[in-house]
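The structure file start14.csv is reproduced below (CSV, C-alpha atoms).
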chain,number,residue,atom,x,y,z
A,1,MET,CA,125.5,-19.6,37.8
A,2,ASN,CA,122.0,-20.7,37.1
A,3,SER,CA,119.2,-18.5,38.2
A,4,LEU,CA,116.5,-21.2,38.1
A,5,GLU,CA,116.8,-24.9,38.6
A,6,LEU,CA,113.9,-27.3,38.1
A,7,TYR,CA,114.5,-30.8,39.3
A,8,ALA,CA,112.2,-33.7,38.3
A,9,LEU,CA,109.0,-31.7,38.5
A,10,ASN,CA,105.7,-33.6,38.4
A,11,LYS,CA,102.1,-32.3,38.5
A,12,SER,CA,98.9,-34.2,37.9
A,13,TYR,CA,95.2,-33.1,37.9
A,14,GLY,CA,93.3,-36.1,39.1
A,15,PRO,CA,94.6,-39.2,37.1
A,16,LEU,CA,95.9,-37.0,34.3
A,17,PRO,CA,99.6,-36.0,34.4
A,18,ALA,CA,100.2,-32.4,33.2
A,19,VAL,CA,104.0,-32.2,33.8
A,20,GLU,CA,106.2,-35.3,34.1
A,21,ALA,CA,109.8,-35.4,35.3
A,22,VAL,CA,110.8,-32.0,34.0
A,23,THR,CA,114.4,-31.0,34.8
A,24,LEU,CA,115.7,-27.7,33.4
A,25,SER,CA,118.4,-25.2,34.2
A,26,VAL,CA,117.9,-21.5,33.3
A,27,PRO,CA,121.2,-19.4,33.4
A,28,ALA,CA,121.2,-16.1,35.2
A,29,GLY,CA,120.4,-13.2,32.9
A,30,SER,CA,119.3,-15.4,30.1
A,31,ARG,CA,116.1,-15.6,28.1
A,32,THR,CA,114.5,-19.1,27.8
A,33,ALA,CA,111.4,-19.9,25.7
A,34,ILE,CA,109.2,-22.8,26.5
A,35,VAL,CA,107.3,-23.9,23.4
A,36,GLY,CA,104.9,-26.7,22.7
A,37,PRO,CA,101.4,-27.5,21.4
A,38,SER,CA,98.3,-27.0,23.5
A,39,GLY,CA,98.1,-29.4,26.4
A,40,SER,CA,101.9,-30.0,26.4
A,41,GLY,CA,102.3,-28.7,30.0
A,42,LYS,CA,104.1,-25.5,29.3
A,43,THR,CA,101.6,-23.2,31.1
A,44,THR,CA,101.3,-25.6,34.1
A,45,LEU,CA,105.1,-25.5,34.3
A,46,LEU,CA,105.1,-21.7,34.3
A,47,ARG,CA,102.5,-21.5,37.0
A,48,MET,CA,104.5,-23.8,39.2
A,49,ILE,CA,107.5,-21.6,38.8
A,50,ALA,CA,105.4,-18.5,39.7
A,51,GLY,CA,103.9,-20.2,42.7
A,52,PHE,CA,100.3,-20.3,41.5
A,53,GLU,CA,100.4,-24.1,41.4
A,54,PHE,CA,102.5,-26.5,43.6
A,55,PRO,CA,104.3,-29.5,42.2
A,56,ASP,CA,103.3,-33.0,43.4
A,57,SER,CA,107.0,-33.8,43.6
A,58,GLY,CA,110.3,-32.4,42.6
A,59,ARG,CA,112.0,-29.1,43.5
A,60,ILE,CA,112.2,-25.5,42.2
A,61,MET,CA,115.3,-23.5,43.2
A,62,LEU,CA,115.6,-19.8,42.5
A,63,ASP,CA,119.0,-18.2,43.1
A,64,GLY,CA,120.0,-21.1,45.3
A,65,GLU,CA,116.9,-20.8,47.5
A,66,SER,CA,114.2,-23.5,47.5
A,67,MET,CA,110.8,-22.3,46.3
A,68,ALA,CA,109.1,-25.6,46.3
A,69,GLY,CA,110.1,-29.1,47.3
A,70,GLY,CA,111.6,-30.9,50.3
A,71,GLY,CA,108.6,-29.9,52.5
A,72,ARG,CA,109.1,-26.2,51.8
A,73,ILE,CA,106.7,-24.0,49.8
A,74,VAL,CA,107.3,-20.3,49.3
A,75,PRO,CA,104.1,-18.4,48.4
A,76,ALA,CA,103.9,-16.6,45.1
A,77,HIS,CA,104.0,-13.1,46.7
A,78,ARG,CA,107.3,-13.8,48.4
A,79,ARG,CA,109.2,-15.2,45.4
A,80,ARG,CA,110.0,-11.8,43.8
A,81,ILE,CA,108.9,-13.2,40.4
A,82,GLY,CA,107.3,-10.9,37.8
A,83,TYR,CA,104.4,-12.3,35.8
A,84,VAL,CA,103.0,-10.9,32.6
A,85,PRO,CA,99.8,-12.8,31.5
A,86,GLN,CA,98.5,-13.0,27.9
A,87,ASP,CA,95.9,-10.3,28.3
A,88,GLY,CA,97.9,-8.0,30.5
A,89,ALA,CA,95.2,-8.2,33.3
A,90,LEU,CA,95.3,-4.5,34.0
A,91,PHE,CA,93.0,-3.1,36.7
A,92,PRO,CA,90.3,-1.2,34.8
A,93,HIS,CA,89.5,1.1,37.7
A,94,LEU,CA,93.2,2.3,37.9
A,95,THR,CA,95.0,4.7,35.6
A,96,VAL,CA,98.2,3.7,33.9
A,97,ALA,CA,100.2,5.2,36.8
A,98,GLY,CA,98.0,3.5,39.3
A,99,ASN,CA,98.5,0.1,37.6
A,100,ILE,CA,102.2,0.5,37.4
A,101,GLY,CA,102.6,1.7,41.0
A,102,PHE,CA,100.0,-0.7,42.5
A,103,GLY,CA,102.5,-2.8,44.4
A,104,LEU,CA,104.8,0.0,45.5
A,105,ASP,CA,104.9,1.3,49.0
A,106,GLY,CA,104.1,4.9,50.0
A,107,ALA,CA,101.7,7.6,48.8
A,108,ALA,CA,101.0,8.3,45.1
A,109,ALA,CA,103.3,11.3,45.1
A,110,SER,CA,106.2,9.4,46.5
A,111,ARG,CA,105.7,6.6,44.0
A,112,ARG,CA,105.6,8.9,41.0
A,113,PRO,CA,109.4,9.0,40.3
A,114,ARG,CA,109.6,5.2,40.3
A,115,VAL,CA,106.5,5.0,38.1
A,116,GLU,CA,108.0,7.5,35.6
A,117,GLU,CA,111.2,5.6,35.6
A,118,LEU,CA,109.4,2.4,34.8
A,119,MET,CA,107.3,4.1,32.0
A,120,ASP,CA,110.5,5.3,30.5
A,121,MET,CA,112.0,1.9,30.7
A,122,VAL,CA,109.2,0.3,28.7
A,123,GLN,CA,109.1,3.3,26.3
A,124,LEU,CA,105.8,4.8,27.4
A,125,ASP,CA,105.3,8.6,27.3
A,126,ILE,CA,105.0,9.7,30.9
A,127,ARG,CA,102.1,11.9,29.8
A,128,MET,CA,100.0,8.7,29.4
A,129,GLY,CA,100.1,8.2,33.2
A,130,ASP,CA,96.6,9.6,33.7
A,131,ARG,CA,95.0,7.5,30.9
A,132,TRP,CA,92.7,4.5,31.7
A,133,PRO,CA,93.4,1.0,30.4
A,134,HIS,CA,90.5,1.1,27.9
A,135,GLU,CA,92.1,4.2,26.3
A,136,LEU,CA,95.3,2.3,25.4
A,137,SER,CA,96.2,0.1,22.4
A,138,GLY,CA,97.0,-3.5,22.8
A,139,GLY,CA,100.7,-2.8,22.6
A,140,GLN,CA,100.5,0.0,25.2
A,141,GLN,CA,98.5,-2.3,27.6
A,142,GLN,CA,101.2,-4.9,27.4
A,143,ARG,CA,103.9,-2.3,28.1
A,144,VAL,CA,101.9,-1.2,31.2
A,145,ALA,CA,101.6,-4.8,32.4
A,146,LEU,CA,105.4,-5.3,31.9
A,147,ALA,CA,106.2,-2.1,33.8
A,148,ARG,CA,103.9,-3.2,36.7
A,149,ALA,CA,105.8,-6.5,36.8
A,150,LEU,CA,109.1,-4.7,36.8
A,151,ALA,CA,108.1,-2.4,39.7
A,152,GLN,CA,109.1,-5.0,42.3
A,153,ARG,CA,112.5,-5.5,40.8
A,154,PRO,CA,111.9,-9.2,40.2
A,155,ARG,CA,114.6,-11.8,40.2
A,156,LEU,CA,112.8,-13.6,37.4
A,157,MET,CA,110.3,-12.5,34.8
A,158,LEU,CA,107.6,-14.9,33.5
A,159,LEU,CA,105.9,-14.0,30.2
A,160,ASP,CA,102.8,-16.1,29.4
A,161,GLU,CA,102.1,-15.6,25.7
A,162,PRO,CA,102.1,-11.8,26.2
A,163,PHE,CA,102.2,-10.9,22.5
A,164,SER,CA,99.5,-13.3,21.1
A,165,ALA,CA,96.8,-10.6,21.0
A,166,LEU,CA,98.9,-8.1,19.0
A,167,ASP,CA,99.0,-7.8,15.2
A,168,THR,CA,102.0,-9.2,13.4
A,169,GLY,CA,104.1,-6.1,13.0
A,170,LEU,CA,103.6,-4.9,16.6
A,171,ARG,CA,104.1,-8.4,17.9
A,172,ALA,CA,107.6,-8.6,16.4
A,173,ALA,CA,108.5,-5.1,17.6
A,174,MET,CA,107.3,-5.8,21.2
A,175,ARG,CA,109.1,-9.1,21.3
A,176,LYS,CA,112.3,-7.4,20.3
A,177,ALA,CA,111.8,-4.5,22.7
A,178,VAL,CA,111.1,-6.9,25.7
A,179,ALA,CA,114.1,-9.0,24.9
A,180,GLN,CA,116.4,-6.0,24.8
A,181,LEU,CA,114.8,-4.6,28.0
A,182,MET,CA,115.4,-7.9,29.9
A,183,THR,CA,119.0,-8.0,28.7
A,184,ARG,CA,119.7,-4.4,29.7
A,185,ALA,CA,118.1,-4.9,33.1
A,186,GLY,CA,119.9,-8.2,33.6
A,187,ILE,CA,116.7,-10.0,34.5
A,188,THR,CA,116.3,-13.7,33.8
A,189,SER,CA,113.2,-14.3,31.7
A,190,ILE,CA,111.0,-17.2,30.6
A,191,LEU,CA,108.6,-16.9,27.7
A,192,VAL,CA,105.8,-19.4,27.2
A,193,THR,CA,104.5,-19.5,23.7
A,194,HIS,CA,103.0,-21.8,21.1
A,195,ASP,CA,104.5,-19.7,18.3
A,196,GLN,CA,107.7,-21.4,17.1
A,197,ALA,CA,109.1,-18.3,15.3
A,198,GLU,CA,108.6,-16.2,18.4
A,199,ALA,CA,110.4,-18.7,20.6
A,200,LEU,CA,113.3,-19.0,18.2
A,201,SER,CA,113.8,-15.3,17.9
A,202,PHE,CA,113.4,-14.4,21.6
A,203,ALA,CA,115.4,-17.0,23.4
A,204,ASP,CA,119.0,-17.9,24.3
A,205,GLN,CA,117.7,-21.3,25.3
A,206,LEU,CA,114.7,-23.2,23.8
A,207,ALA,CA,112.8,-25.8,25.7
A,208,VAL,CA,110.3,-28.0,23.8
A,209,MET,CA,107.5,-29.6,25.7
A,210,ARG,CA,105.5,-32.6,24.5
A,211,GLY,CA,103.0,-34.6,26.4
A,212,GLY,CA,104.0,-33.0,29.7
A,213,ARG,CA,107.7,-33.9,29.3
A,214,LEU,CA,110.7,-31.9,28.3
A,215,ALA,CA,111.4,-33.3,24.8
A,216,GLN,CA,114.6,-31.2,24.1
A,217,ALA,CA,116.4,-28.1,25.3
A,218,GLY,CA,119.3,-26.2,24.0
A,219,ALA,CA,120.3,-23.2,21.9
A,220,PRO,CA,117.6,-22.3,19.4
A,221,LEU,CA,119.8,-22.8,16.4
A,222,ASP,CA,120.9,-26.2,17.6
A,223,VAL,CA,117.3,-27.4,18.4
A,224,TYR,CA,116.1,-26.1,15.0
A,225,ARG,CA,119.0,-27.7,13.0
A,226,TYR,CA,119.5,-30.8,15.1
A,227,PRO,CA,116.2,-31.9,16.6
A,228,CYS,CA,116.0,-35.1,18.5
A,229,ASP,CA,113.3,-36.6,16.3
A,230,GLU,CA,111.0,-35.9,13.4
A,231,ASP,CA,108.1,-34.6,15.5
A,232,ILE,CA,110.3,-31.8,17.0
A,233,ALA,CA,111.7,-31.1,13.5
A,234,ARG,CA,108.2,-30.6,12.1
A,235,PHE,CA,106.9,-28.7,15.1
A,236,LEU,CA,109.7,-26.0,14.8
A,237,GLY,CA,109.2,-25.3,11.1
A,238,ASP,CA,108.8,-26.8,7.6
A,239,ALA,CA,110.9,-29.9,7.3
A,240,VAL,CA,112.1,-32.0,4.4
A,241,VAL,CA,112.5,-35.6,5.6
A,242,LEU,CA,113.9,-38.1,3.2
A,243,PRO,CA,114.9,-41.8,3.4
A,244,ALA,CA,118.6,-42.3,2.8
A,245,ARG,CA,121.5,-44.7,2.9
A,246,ILE,CA,124.2,-43.3,5.1
A,247,GLY,CA,127.9,-44.0,4.9
A,248,GLN,CA,131.3,-42.3,5.4
A,249,GLY,CA,129.7,-38.9,6.1
A,250,TRP,CA,127.3,-38.9,3.1
A,251,ALA,CA,123.7,-39.7,2.4
A,252,GLU,CA,122.5,-41.2,-0.8
A,253,CYS,CA,118.9,-40.0,-1.3
A,254,GLU,CA,116.5,-38.6,-3.9
A,255,LEU,CA,118.4,-35.3,-4.0
A,256,GLY,CA,121.6,-37.1,-4.8
A,257,ARG,CA,124.7,-37.3,-2.6
A,258,VAL,CA,124.3,-35.0,0.4
A,259,PRO,CA,126.8,-34.5,3.3
A,260,VAL,CA,125.6,-35.3,6.8
A,261,GLY,CA,126.7,-33.8,10.1
A,262,ASP,CA,127.0,-37.1,11.9
A,263,THR,CA,130.0,-38.8,10.3
A,264,THR,CA,129.6,-41.9,12.5
A,265,ALA,CA,126.1,-42.8,11.2
A,266,SER,CA,125.7,-45.6,8.7
A,267,GLY,CA,123.0,-47.7,7.2
A,268,ASP,CA,119.4,-46.9,6.3
A,269,ALA,CA,118.1,-43.8,8.0
A,270,ARG,CA,116.0,-40.6,7.5
A,271,ILE,CA,117.6,-37.2,7.0
A,272,LEU,CA,116.3,-33.8,7.7
A,273,LEU,CA,116.8,-30.7,5.6
A,274,ARG,CA,115.2,-27.3,6.1
A,275,PRO,CA,113.5,-25.8,3.0
A,276,GLU,CA,116.0,-22.9,2.9
A,277,GLN,CA,118.8,-25.4,2.4
A,278,ILE,CA,117.4,-26.5,-1.0
A,279,ARG,CA,118.5,-24.2,-3.8
A,280,LEU,CA,116.6,-24.1,-7.1
A,281,ALA,CA,117.7,-23.1,-10.6
A,282,GLN,CA,115.3,-22.7,-13.5
A,283,MET,CA,116.1,-25.0,-16.5
A,284,PRO,CA,115.1,-24.8,-20.1
A,285,GLU,CA,112.5,-27.3,-21.2
A,286,GLN,CA,114.9,-29.2,-23.4
A,287,ALA,CA,118.0,-29.0,-21.0
A,288,PRO,CA,120.1,-32.2,-20.6
A,289,ALA,CA,119.4,-34.3,-17.6
A,290,ALA,CA,120.6,-32.9,-14.3
A,291,SER,CA,121.6,-34.8,-11.1
A,292,CYS,CA,118.2,-33.9,-9.5
A,293,ARG,CA,115.3,-32.4,-11.4
A,294,GLY,CA,111.8,-31.4,-10.5
A,295,VAL,CA,108.8,-29.3,-11.5
A,296,VAL,CA,107.2,-26.5,-9.5
A,297,THR,CA,103.6,-27.5,-8.8
A,298,ASP,CA,102.5,-24.8,-6.3
A,299,SER,CA,103.6,-21.4,-5.1
A,300,ASP,CA,102.6,-19.6,-2.0
A,301,PHE,CA,103.7,-15.9,-2.1
A,302,GLY,CA,104.8,-14.6,1.3
A,303,GLY,CA,106.3,-11.2,0.5
A,304,HIS,CA,110.0,-11.4,0.7
A,305,ASP,CA,110.0,-15.1,-0.2
A,306,CYS,CA,107.8,-17.8,-1.7
A,307,ILE,CA,107.1,-21.3,-0.4
A,308,LEU,CA,107.2,-23.6,-3.4
A,309,THR,CA,106.1,-27.2,-3.8
A,310,VAL,CA,108.4,-29.1,-6.1
A,311,ARG,CA,107.6,-32.6,-7.5
A,312,LEU,CA,110.8,-34.5,-8.0
A,313,ALA,CA,111.4,-36.4,-11.2
A,314,GLY,CA,111.9,-40.1,-10.7
A,315,ALA,CA,110.0,-43.1,-9.6
A,316,THR,CA,108.6,-41.8,-6.3
A,317,GLN,CA,107.3,-38.4,-7.7
A,318,ARG,CA,107.9,-37.1,-4.1
A,319,SER,CA,106.8,-33.5,-3.4
A,320,LEU,CA,109.1,-31.2,-1.4
A,321,THR,CA,108.6,-27.8,0.2
A,322,VAL,CA,111.3,-25.3,-0.8
A,323,ARG,CA,111.7,-21.7,0.2
A,324,SER,CA,112.9,-19.3,-2.5
A,325,PRO,CA,113.4,-15.5,-2.6
A,326,SER,CA,110.4,-14.0,-4.4
A,327,PRO,CA,112.3,-12.2,-7.2
A,328,ASP,CA,114.0,-15.5,-8.2
A,329,ALA,CA,111.1,-17.9,-7.6
A,330,PRO,CA,110.3,-20.0,-10.7
A,331,GLY,CA,106.6,-20.1,-11.6
A,332,VAL,CA,104.3,-23.0,-11.4
A,333,GLY,CA,105.0,-25.6,-14.1
A,334,ARG,CA,108.6,-24.6,-14.5
A,335,PRO,CA,111.3,-27.3,-14.6
A,336,VAL,CA,114.0,-26.8,-12.0
A,337,SER,CA,117.2,-28.4,-10.8
A,338,LEU,CA,117.8,-28.8,-7.1
A,339,ALA,CA,120.9,-28.6,-5.0
A,340,VAL,CA,121.5,-28.8,-1.3
A,341,ALA,CA,123.4,-26.2,0.8
A,342,GLY,CA,125.1,-27.3,4.0
A,343,THR,CA,124.7,-30.7,5.7
A,344,ALA,CA,121.7,-32.9,6.4
A,345,HIS,CA,120.8,-34.0,10.0
A,346,VAL,CA,120.4,-37.7,10.6
A,347,LEU,CA,117.2,-38.3,12.6
A,348,ARG,CA,117.2,-40.7,15.5
A,349,GLY,CA,114.2,-42.6,16.7

Once more with this new file: its structure as structure tokens, please.
Amino acid sequence: MNSLELYALNKSYGPLPAVEAVTLSVPAGSRTAIVGPSGSGKTTLLRMIAGFEFPDSGRIMLDGESMAGGGRIVPAHRRRIGYVPQDGALFPHLTVAGNIGFGLDGAAASRRPRVEELMDMVQLDIRMGDRWPHELSGGQQQRVALARALAQRPRLMLLDEPFSALDTGLRAAMRKAVAQLMTRAGITSILVTHDQAEALSFADQLAVMRGGRLAQAGAPLDVYRYPCDEDIARFLGDAVVLPARIGQGWAECELGRVPVGDTTASGDARILLRPEQIRLAQMPEQAPAASCRGVVTDSDFGGHDCILTVRLAGATQRSLTVRSPSPDAPGVGRPVSLAVAGTAHVLRG
């Protein structure tokens, strides 16, 4: 069963379309990430789901009930959708407990058990209930915002770039904690982000927006490995795109003979490899010719690995981006041989 169904959604601001013909299914209990560059329509789409904006046409269905479309509009406060904005948007005049319990019925004393339950759920010490928002760290503020959104037992949780203001280490930890929390609670969730790595690690389903349209949707690994086109390939990470001649399940290219996943493809095409698929081996200066050789021209140290630029030997002198574990990374100026692990993806369009 799908928790959320979007059918042919359209939204324009004046003459400018923000969202065009977006159709997407979100399975119950799943985590979906909507990713795209600024202006791609992802935040407008999220706001329509939340009920903050209304589509010009199309339909939004939540658990089989129409939220928008067909002459029916359900206001935001009746949709039972949790929403966590980028900055948390905590009420500065309320304590942590006051923020979390803001939408709960009853007096403060009667709300306290539920507030403490929610604080425990998001891993906040209950002794922090009397603190003010300005006394909290960025990560703690986001946990309070999440607890407040969970207080109404939402059917769907919307996360609008909630980790962007956090430092790198805390961001990764919070992302993992929120993903685990959503799974344990069985809450369907949608994360909007411009961070490709964040989207890939958080989601069961990845939806890529471009120019107001849904360019591709699917399992994160599938979209990363088998993008519809070169633009999506490059948006989701470093990409090695090479011209090739395809036939009988193989590509003849500057890296030699490489197997391709699409055994039906033939003729001239472009193939995609990810940098981690290219394996390097250092070579002595006077080594005999290898099937594919190059020289390291640049190295970008990133801790556990290095991003190397390798200039291929041959007529084109093409430069490739290659990812190598730091302990094994050859230095700048070193000759290397190159080999490909796995299959290449044949790009369409």

Show which residues sit within 6 Å of segment 61-71 of chain A, as a PDB file with C-alpha atoms, in the frame of the given file. Count only C-alpha atoms, and ignore same-chain residues fewer than 3 positions away.
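Just written: result.pdb:
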ATOM      1  CA  SER A   3     119.200 -18.500  38.200  1.00  0.00           C
ATOM      2  CA  LEU A   4     116.500 -21.200  38.100  1.00  0.00           C
ATOM      3  CA  GLU A   5     116.800 -24.900  38.600  1.00  0.00           C
ATOM      4  CA  GLY A  58     110.300 -32.400  42.600  1.00  0.00           C
ATOM      5  CA  VAL A  74     107.300 -20.300  49.300  1.00  0.00           C
TER       6      VAL A  74
END

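Interatomic distance, atom CA of Leu320 of chain A to atom CA of Ala217 of chain A: 27.9 Å.
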
May I have the residues within 10 Å of segment 300-317 of chain A as a ChimeraX atom specification, using all atoms listed in the file and disregarding those fewer than 6 positions away in the same chain? /A:238,254-255,275-276,280,292-294,323-338

Take the residues from that selection and write them out as a PDB file, in the frame of the given file, keeping C-alpha atoms.
ATOM      1  CA  ASP A 238     108.800 -26.800   7.600  1.00  0.00           C
ATOM      2  CA  GLU A 254     116.500 -38.600  -3.900  1.00  0.00           C
ATOM      3  CA  LEU A 255     118.400 -35.300  -4.000  1.00  0.00           C
ATOM      4  CA  PRO A 275     113.500 -25.800   3.000  1.00  0.00           C
ATOM      5  CA  GLU A 276     116.000 -22.900   2.900  1.00  0.00           C
ATOM      6  CA  LEU A 280     116.600 -24.100  -7.100  1.00  0.00           C
ATOM      7  CA  CYS A 292     118.200 -33.900  -9.500  1.00  0.00           C
ATOM      8  CA  ARG A 293     115.300 -32.400 -11.400  1.00  0.00           C
ATOM      9  CA  GLY A 294     111.800 -31.400 -10.500  1.00  0.00           C
ATOM     10  CA  ARG A 323     111.700 -21.700   0.200  1.00  0.00           C
ATOM     11  CA  SER A 324     112.900 -19.300  -2.500  1.00  0.00           C
ATOM     12  CA  PRO A 325     113.400 -15.500  -2.600  1.00  0.00           C
ATOM     13  CA  SER A 326     110.400 -14.000  -4.400  1.00  0.00           C
ATOM     14  CA  PRO A 327     112.300 -12.200  -7.200  1.00  0.00           C
ATOM     15  CA  ASP A 328     114.000 -15.500  -8.200  1.00  0.00           C
ATOM     16  CA  ALA A 329     111.100 -17.900  -7.600  1.00  0.00           C
ATOM     17  CA  PRO A 330     110.300 -20.000 -10.700  1.00  0.00           C
ATOM     18  CA  GLY A 331     106.600 -20.100 -11.600  1.00  0.00           C
ATOM     19  CA  VAL A 332     104.300 -23.000 -11.400  1.00  0.00           C
ATOM     20  CA  GLY A 333     105.000 -25.600 -14.100  1.00  0.00           C
ATOM     21  CA  ARG A 334     108.600 -24.600 -14.500  1.00  0.00           C
ATOM     22  CA  PRO A 335     111.300 -27.300 -14.600  1.00  0.00           C
ATOM     23  CA  VAL A 336     114.000 -26.800 -12.000  1.00  0.00           C
ATOM     24  CA  SER A 337     117.200 -28.400 -10.800  1.00  0.00           C
ATOM     25  CA  LEU A 338     117.800 -28.800  -7.100  1.00  0.00           C
TER      26      LEU A 338
END

Surrounding residues of segment 157-160 of chain A excluding itself and chain neighbours under 6 positions, 9 Å, only C-alpha atoms, as a list in words: Thr43, Leu46, Ile49, Ala50, Ile81, Gly82, Tyr83, Val84, Pro85, Gln86, Leu146, Ala149, Leu150, Met182, Ile187, Thr188, Ser189, Ile190, Leu191, Val192 and Thr193 of chain A

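With distances restricted to only C-alpha atoms, A:Val122 is the closest residue to Ala185 of chain A from A:Val122, A:Leu166, A:Gly211, A:Phe235.
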
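For the pair atom CA of Pro92 of chain A and atom CA of Leu45 of chain A, the separation is 28.5 Å.
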
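Each of A:Val35, A:Ala147, A:Leu16, A:Met121 was checked against Ile100 of chain A using all atoms listed in the file; the smallest atom-to-atom distance is that of A:Ala147.
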
Work out how far atom CA of Asp120 of chain A is from atom CA of Arg31 of chain A, in Å to one decimal. 21.8 Å

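If you measure from each of A:Pro75, A:Gly237, A:Gly267, A:Gly14 to Met48 of chain A using all atoms listed in the file, the closest one turns out to be A:Pro75.
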
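Among the candidates A:Ala97, A:Val26, A:Leu347, A:Leu6, the one nearest to Leu156 of chain A when counting all atoms listed in the file is A:Val26.
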
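With distances restricted to all atoms listed in the file, A:Val208 is the closest residue to Val223 of chain A from A:Val208, A:Leu272, A:Leu90, A:Val115.
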
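Using all atoms listed in the file, the shortest contact distance between Gly342 of chain A and any of A:Arg225, A:Phe52, A:Asp231, A:Ala244 is found at A:Arg225.
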
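Every protein or nucleic acid residue with an atom no more than 10 Å from segment 129-135 of chain A, counting only C-alpha atoms and leaving out same-chain residues fewer than 2 positions away, appears here: Ala89, Leu90, Phe91, Pro92, His93, Leu94, Thr95, Val96, Ala97, Gly98, Asn99, Ile100, Arg112, Val115, Glu116, Met119, Leu124, Asp125, Ile126, Arg127, Ser137, Gly138, Gln140, Gln141 and Val144 of chain A.
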
May I have the residues within 10 Å of Tyr226 of chain A as a PyMOL selection string, using all atoms listed in the file and disregarding those fewer than 5 positions away in the same chain? chain A and resi 220-221+232-233+261+272-273+344-347

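Close to (114.7, -24.9, 25.2), meaning no more than 9 Å away when counting all atoms listed in the file, sit the residues Leu24, Thr32, Ala33, Ile34, Val35, Ala199, Ala203, Asp204, Gln205, Leu206, Ala207, Val208, Met209, Leu214, Gln216, Ala217, Gly218, Ala219, Pro220 and Val223 of chain A.
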
Selection as a count of residues only: residues within 9 Å of (97.2, -33.3, 42.7), counting only C-alpha atoms: 8
